[in-house]
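Asker: Here you go, one structure.
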Amino acid sequence: MKNDIPQAAAGVMGLHELPRHQVALVVGLQAARDATEQVAVLRLAEIGFVPGEEVRVVAHGFPGGEPLAVRIGQTTFALRRNEAALVQVALQTEVAA
């Protein structure tokens, strides 16, 4: 599930960096650095964070901005910031170009 596109060249960012209500497409998941991240990456893939899926951050929790309410398809999930950082996205306009 690792995305080999260089982030700066492709305009790829972590889902945690996406502004609220901005539409983006999932381009991949970060490679896990440890067993805990591996579990999170597998969970994210299982619930639908796969390349090509449209995604948007719909809300940030208060205080501290966690969790993030993230919509993928017709479903909204609550993700911790570190989980959202594992999802690589590109703005939909950049992907279409």
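Residue numbering restarts at 1 in every chain; chains get A, B, ... in the order shown in the structure tokens, and ligands count up from 1 in that same order.
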Mind listing the strand (DSSP E) residues of chain A, per DSSP on the backbone, as number ranges by chain?

Answerer: A: 12-14, 24-29, 54-60, 68-72, 75-79, 87-91

Asker: Per residue of region 6-63 of chain A within 7 Å of region 68-88 of chain A, what are the shortest atom pair and its distance in Å to one decimal, counting only C-alpha atoms, with rows by chain and residue number, as JSON lines?

Answerer:
{"residue": "A:Val12", "atom": "CA", "partner": "A:Gln88", "partner_atom": "CA", "distance": 6.3}
{"residue": "A:Met13", "atom": "CA", "partner": "A:Gln88", "partner_atom": "CA", "distance": 5.6}
{"residue": "A:Gly14", "atom": "CA", "partner": "A:Gln88", "partner_atom": "CA", "distance": 4.7}
{"residue": "A:Leu15", "atom": "CA", "partner": "A:Ala84", "partner_atom": "CA", "distance": 5.1}
{"residue": "A:His16", "atom": "CA", "partner": "A:Ala84", "partner_atom": "CA", "distance": 5.0}
{"residue": "A:Val26", "atom": "CA", "partner": "A:Gln88", "partner_atom": "CA", "distance": 5.9}
{"residue": "A:Val27", "atom": "CA", "partner": "A:Gln88", "partner_atom": "CA", "distance": 5.6}
{"residue": "A:Gly28", "atom": "CA", "partner": "A:Gln88", "partner_atom": "CA", "distance": 5.2}
{"residue": "A:Leu29", "atom": "CA", "partner": "A:Val87", "partner_atom": "CA", "distance": 4.7}
{"residue": "A:Gln30", "atom": "CA", "partner": "A:Leu86", "partner_atom": "CA", "distance": 5.0}
{"residue": "A:Ala40", "atom": "CA", "partner": "A:Glu83", "partner_atom": "CA", "distance": 6.6}
{"residue": "A:Val41", "atom": "CA", "partner": "A:Leu86", "partner_atom": "CA", "distance": 7.0}
{"residue": "A:Glu53", "atom": "CA", "partner": "A:Ile72", "partner_atom": "CA", "distance": 7.0}
{"residue": "A:Glu54", "atom": "CA", "partner": "A:Ile72", "partner_atom": "CA", "distance": 6.0}
{"residue": "A:Val55", "atom": "CA", "partner": "A:Ile72", "partner_atom": "CA", "distance": 4.6}
{"residue": "A:Arg56", "atom": "CA", "partner": "A:Arg71", "partner_atom": "CA", "distance": 5.4}
{"residue": "A:Val57", "atom": "CA", "partner": "A:Val70", "partner_atom": "CA", "distance": 4.4}
{"residue": "A:Val58", "atom": "CA", "partner": "A:Ala69", "partner_atom": "CA", "distance": 5.5}
{"residue": "A:Ala59", "atom": "CA", "partner": "A:Ala69", "partner_atom": "CA", "distance": 5.0}
{"residue": "A:His60", "atom": "CA", "partner": "A:Leu68", "partner_atom": "CA", "distance": 4.7}
{"residue": "A:Gly61", "atom": "CA", "partner": "A:Leu68", "partner_atom": "CA", "distance": 6.2}

Asker: Create the file for the chosen residues now, containing N, CA and C atoms and written as a tab-separated table (two decimals), in the first residue's frame.

Answerer:
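Below is the file that was written, again_16.tsv:
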chain	number	residue	atom	x	y	z
A	12	VAL	N	1.41	15.71	-2.97
A	12	VAL	CA	0.81	14.77	-2.02
A	12	VAL	C	1.03	15.29	-0.60
A	13	MET	N	-0.01	15.14	0.22
A	13	MET	CA	0.07	15.56	1.63
A	13	MET	C	-0.61	14.51	2.48
A	14	GLY	N	-0.38	14.60	3.77
A	14	GLY	CA	-1.09	13.75	4.70
A	14	GLY	C	-2.52	14.23	4.85
A	15	LEU	N	-3.44	13.32	5.09
A	15	LEU	CA	-4.84	13.69	5.28
A	15	LEU	C	-5.00	14.67	6.44
A	16	HIS	N	-4.13	14.58	7.44
A	16	HIS	CA	-4.21	15.49	8.58
A	16	HIS	C	-3.90	16.94	8.19
A	26	VAL	N	-7.50	9.85	-2.27
A	26	VAL	CA	-6.49	9.03	-1.61
A	26	VAL	C	-5.53	8.53	-2.69
A	27	VAL	N	-4.23	8.71	-2.46
A	27	VAL	CA	-3.23	8.20	-3.40
A	27	VAL	C	-2.45	7.03	-2.82
A	28	GLY	N	-2.56	6.80	-1.52
A	28	GLY	CA	-1.87	5.67	-0.91
A	28	GLY	C	-1.81	5.80	0.59
A	29	LEU	N	-1.19	4.82	1.20
A	29	LEU	CA	-0.97	4.81	2.64
A	29	LEU	C	0.53	4.77	2.90
A	30	GLN	N	0.96	5.48	3.93
A	30	GLN	CA	2.38	5.48	4.30
A	30	GLN	C	2.80	4.08	4.74
A	40	ALA	N	-2.72	0.13	12.28
A	40	ALA	CA	-3.50	1.29	11.83
A	40	ALA	C	-3.62	1.31	10.30
A	41	VAL	N	-2.53	1.04	9.59
A	41	VAL	CA	-2.55	1.03	8.12
A	41	VAL	C	-3.51	-0.04	7.61
A	53	GLU	N	-10.14	6.81	-3.89
A	53	GLU	CA	-11.34	7.19	-3.14
A	53	GLU	C	-11.33	8.68	-2.82
A	54	GLU	N	-12.48	9.30	-2.96
A	54	GLU	CA	-12.63	10.72	-2.63
A	54	GLU	C	-12.77	10.86	-1.12
A	55	VAL	N	-12.10	11.87	-0.57
A	55	VAL	CA	-12.08	12.05	0.88
A	55	VAL	C	-12.11	13.54	1.20
A	56	ARG	N	-12.64	13.87	2.38
A	56	ARG	CA	-12.60	15.25	2.87
A	56	ARG	C	-12.65	15.24	4.39
A	57	VAL	N	-12.02	16.23	5.00
A	57	VAL	CA	-12.10	16.44	6.45
A	57	VAL	C	-13.31	17.34	6.66
A	58	VAL	N	-14.28	16.87	7.44
A	58	VAL	CA	-15.50	17.66	7.63
A	58	VAL	C	-15.50	18.43	8.94
A	59	ALA	N	-14.68	18.02	9.91
A	59	ALA	CA	-14.64	18.74	11.19
A	59	ALA	C	-13.41	18.34	11.98
A	60	HIS	N	-13.01	19.24	12.88
A	60	HIS	CA	-11.94	18.98	13.84
A	60	HIS	C	-12.56	19.00	15.22
A	61	GLY	N	-12.11	18.12	16.08
A	61	GLY	CA	-12.59	18.12	17.46
A	61	GLY	C	-12.08	19.33	18.21

Asker: If you run DSSP on the backbone here, which positions in chain A get helix (DSSP H, G or I)? Please write them as a list in words.

Answerer: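 Listing helix (DSSP H, G or I) positions across chain A yields Gln7, Ala8, Ala9, Ala10, Leu15, His16, Glu17, Ala35, Thr36, Glu37, Gln38, Val39, Ala40, Val41, Leu42, Arg43, Leu44, Ala45, Glu46, Arg81, Asn82, Glu83, Ala84, Gln92, Thr93, Glu94, Val95 and Ala96 of chain A.
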
Asker: Distance CA of Val23 (chain A)-CA of Pro51 (chain A), one decimal place?

Answerer: 14.1 Å

Asker: What gap, in Å, lies between CA of Ile47 (chain A) and CA of Leu18 (chain A)?

Answerer: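 About the pair CA of Ile47 (chain A) and CA of Leu18 (chain A): they are 19.3 Å apart.
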
Asker: Suppose you want the space between CA of Ala90 (chain A) and CA of Pro67 (chain A); what is it in Å?

Answerer: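 So the two atoms, CA of Ala90 (chain A) and CA of Pro67 (chain A), lie 20.9 Å apart.
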
Asker: Between A:Ala24, A:Ala31, A:Leu42, A:Val50, which one has atoms that come closest to Val89 (chain A), using only C-alpha atoms?

Answerer: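 Among the listed residues, the smallest separation from Val89 (chain A) belongs to A:Ala24.
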
Asker: A:Gln92, A:Phe49, A:Val39, A:Gly64: which is nearest Leu25 (chain A), counting only C-alpha atoms?

Answerer: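 Result for the nearest residue to Leu25 (chain A): A:Gln92.
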
Asker: Choose the residue, out of A:Glu46, A:Leu91, A:Gly11, A:Glu17, that has the smallest atom-to-atom separation from Gly65 (chain A); count only C-alpha atoms.

Answerer: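 Result for the nearest residue to Gly65 (chain A): A:Glu17.
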